[in-house]
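Asker: Shown below is the structure under consideration.
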Amino acid sequence: MRKFNAQEQLGIEAGLLPTEIQRRDFLKLSGLSVAGLLIGIGPAKGATAPEEKPFEPNAFLSIQPDGRIILFSKNPEIGQGIKTSLPQLIAEELEVDWKSVEVRQAPLDNRYGAQFAGGSTGIKTNFVAVRTAGAAAREMLIEAAARRWQISLDQCFARNGFVIRKDTNEQLSYASLATAAAKLNVRENPVLKSRKDFRIIGQSIPGVDNAQIVTGKAEFGLDARPRGMRVAFIERCPVFGGKIKAVDDSAALAIAGVEQVIRIEPTKNPTQLVAGVAVIASNTWAAMKGRKALRIEWDLPAELPESDEALRSRFEKSLESTEVLRDDGNVIDSLAKCKIVHEATFEAPFLAHAPMEPQNYIADVQADKADLWGPTQVPGSVRQRAAEITGLPPNKINVRMTRVGGGFGRRLMADYACEAIYLSKTIGKPVQVVWTREDDLQHDFYRPAGLFKLKAGLDENGQLVSWHLKATTTSRYVFAGSSSPAYQTEVFPDGFPAGFVKNFRMEYAPTSSPVPRGAWRAPGHNITAWVDQCFIDEMAQKAGKDPVDFRLELLGEEDRLMPYSDHGGPVYSTRRLKNVIRLAAEKSNWRQAAPKGIYRGFAAHFMFGAYIAEVVSLSLKEDGTPKVERVVVAADCGLVINKSGALNQLEGGIIDGLSSALRQAIHITKGRVQEQNFDDYPLLRMKDAPPVEIFLVESEEDPEGMGEMTLPPLAAALCNALFAATGKRIRKLPIQSRDRVTT
Amino acid sequence: MPTYVLNINDRTVSVDAAADTPLLWVLRDELELKGTKYGCGKSQCGACTILMNGNAVRSCSLPVTAATKVKITTIEGLSPDGKHPLQQAWMELDVPQCGYCQAGQIMSAAALLARKPNPSDADIDAAMSGNICRCGTYNRVRLAIKRAAEKKGGKS
């Protein structure tokens, strides 16, 4: 079986991993390597007085002689709560009072290993490593205390920022031990706490930046302001793949505050620079106006421009020559013999990410170094790109992480950072590149669009014995020129119901397009869960069975570990999947008839190691459109680190799932995106946000992520509920499509 | 460039700006009041919401010329100590995810509570549906508004 590699699955470049680790600067914690992650343990930089030393046994924490306890959060904070939950792990093992700690965002620094936000991996891949950093410090503080008291280590213990002597209850504060602990050898194999002793892990702890956020003081990328910073807006070729033919910048340069106009030529790799003209000004408004005043003639690509219709016919063509990814039994023979055969075609559109903070990035490229700020999920990629563009060595490139106003996968791409780096290098001044919302919607790396054809058969007992999927999508790996197979993160050959249907075939073919594609919250799953879970519902109906029973029957009585070669594997547990299915059914009163005028739909899905089941309850408004009344969620994401944060993430996925399934689509006409702003790319608003009830399974399993898992099943549960209400199947998203309204 | 005298957060300031400059960019670029956010530039998302004479206004679409002779309040001036009942409720209920839209949400909610100290769900829907939260914190926003209303004891 192919081993899962999170970074590869995410399409994250190797540049993220520290390739030039200077071993002598680090002390590898042997036996604690997690998913290939090297834990750099070495003293943090910074001069200190010789007598009073801060205790900094590794890059994750600093205990100051004045008593301050500073914890560093290594990954970008994009709204997933990592800046709170990772430090919780350190604080737990360090044995400090949460209220006494100060949390800081770490910069990009090789000592932290991989630093990125993607694939809901931040907690699961750091769960041991980050705790180990805290535990090492705790043991060293205990050792310092034991030496001072001249007693053995086991005669004292740590609690709430003190080392306590068991026989006398005497206490020494961490602050008073900091200088002595700093002189000790770093503990390489500290003993981690037993889960039953967790006091901070599992609590509801509010976000560490909340006070800053509610007072407007939190610094996002758009808020950073290096001295002398210029602002740049860029007019990019509206047609994908175009080039600049001619620019008339006279009107732009006449605007007060506009300083320069710079042409940006496209790089070969479309994930870096696209053709554009940048207007650089002393302030934002001047740059915005200057950009509008540009007159640009574009050199458009020679081939026929992309359109929804052209793509649709290429999808059909792609399905004529597919690759078989999985072939159990004999699906063709079986379908010929089935009592009931049913088929359906599902279509999913391109989607934009539209994070609330539009793309922006600041670069200050100087002769001997570069300082970079901004919202990114991949600071390592940004550094790599900066090294390529500037020619500076990576260790002369400082990447600072601000809070990120939403990610959703958009900021796994470093294109906007490349623009800032290129412009700063060109003009020799610090530059902030800012995108408008229109830029954001028109120059995204979109969720791949796809066409899925399904055919399935029931035997005389109503058993699902045959399942044949032929799928095509505008694979994001094909767009990025990745060496990974085109189907990866598009379809999942091991996903349910594979392995439970005797005759099962999955075929796939990528479809090319000039439209840029990237990872969008729950890549691949955000379509496959909709397709699979809608079609399961259709087959349950054909079999005359309850949709919940139909799923449970398929999964079988016996608990099994199913092979799963994708992210979240190498296996998944049918026990845990059945458990969330039953829990969601119970909590939604599925077994009782729905109240009059209320219609329900069910869906369940495994992804990234987590198990989710959802029930959508809706009513119909007078115009026939749905009003979602309630969503019930059962989630097994393993051990929960921060309950409040977990619930926030899971609920956010539901709202996002609803938002995208109901109304979102990116339409392509004449090679360009039609959608401009939130008026034609509508996001769900307060008035349409239903109550969400989440039931977390108390779990002893290792923690999984939280940020993506609840989104994929939502569209299916919603469409299944709509079928219950109207008798009509929705097989094309979005549900309230603009083109559907007219037909 | 013309000079404009503005009353912002109970301070009188004068700024030099082009006449068509939206208040948003005056706040952010000239006055370093960066709590007010840019999200869409056309009054669609509410990230830039400020109070003008107590009413919620989208500063991305308000030219600086229309912002003189009125009282402007930004998130930085909502309370002297960050302890407005809404700010407290937001922290107690751990509302934010990415946090980018939250200043705008709070300013819209502040205008609502000033007008309706005990808002109904329908009042909240009407007042808050101009503010998009891409992370989907709407249910917590709603709860926090109710919590703040309770704390104020129905007084504006």
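Every chain in the structure tokens has a letter given in the order shown (A, B, ...), and although residue numbers restart at 1 in each chain, ligands are simply numbered from 1 in the order shown.
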Provide as an MDAnalysis selection string the residues of chain B at most 6 Å from chain A, counting only C-alpha atoms.
Answerer: chainID B and resid 35 39:40 75:76 82 87 91 94 97:98 100 103 125 129 132 135:136 138
Asker: Can you list, as a list in words, every residue of stretch 217-267 of chain A that DSSP puts in strand (DSSP E)?
Answerer: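 The strand (DSSP E) subset of stretch 217-267 of chain A is Arg230, Val231, Ala232, Phe233, Ile234, Glu235, Arg236, Lys243, Ile244, Lys245, Ala246, Val247, Asp248, Val258, Glu259, Gln260, Val261, Ile262, Arg263 and Ile264 of chain A.
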Asker: Any chance you could list, as a ChimeraX atom specification, the residues in chain B that come up alpha helix (DSSP H) when DSSP is run on the backbone?
Answerer: /B:23-25,85-92,102-115,121-128,138-151
Asker: Tell me which of A:Leu554, A:Phe116, A:Tyr681, A:Val130 sits closest to B:Cys45, counting only C-alpha atoms.
Answerer: A:Tyr681
Asker: Compile the contact shell of A:Trp373 as number ranges by chain: residues with an atom at most 7 Å away, counting only C-alpha atoms, same-chain residues fewer than 2 positions apart removed.
Answerer: A: 221, 361-363, 371, 399-402
Asker: From the set A:Ala724, A:Arg521, A:Ala182, A:Gln272, which residue has the shortest atom-to-atom contact distance to A:Gly597, counting only C-alpha atoms?
Answerer: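 Once distances to A:Gly597 are computed over only C-alpha atoms, the minimum belongs to A:Ala724.
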Asker: Would you kindly return, as a ChimeraX atom specification, each protein, DNA or RNA residue with an atom no farther than 8 Å from any atom of stretch 110-113 of chain B, considering only C-alpha atoms and excluding same-chain residues fewer than 6 positions away?
Answerer: /B:51,54-56,86,119,124,127,149,156
Asker: I'd like the contact shell of B:Ala18 - 7 Å cut-off, only C-alpha atoms, skipping same-chain residues fewer than 3 positions apart - returned as a JSON list (two decimals) with N, CA and C atoms, in the first residue's frame.
Answerer:
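Dumped everything to result.json:
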```json
[["chain", "number", "residue", "atom", "x", "y", "z"],
["B", 1, "MET", "N", -3.78, 68.42, -2.09],
["B", 1, "MET", "CA", -4.89, 67.57, -1.63],
["B", 1, "MET", "C", -5.70, 68.29, -0.56],
["B", 2, "PRO", "N", -7.02, 68.22, -0.64],
["B", 2, "PRO", "CA", -7.82, 68.92, 0.37],
["B", 2, "PRO", "C", -7.64, 68.32, 1.77],
["B", 21, "THR", "N", -11.76, 59.66, -1.69],
["B", 21, "THR", "CA", -11.22, 58.56, -0.88],
["B", 21, "THR", "C", -12.28, 58.00, 0.05]]
```
Asker: Considering only C-alpha atoms, return as a ChimeraX atom specification whatever protein or nucleic-acid residues lie within 10 Å of B:Ala66, sequence-local ones (same chain, fewer than 6 positions apart) excluded.
Answerer: /B:6,19-20,22-23
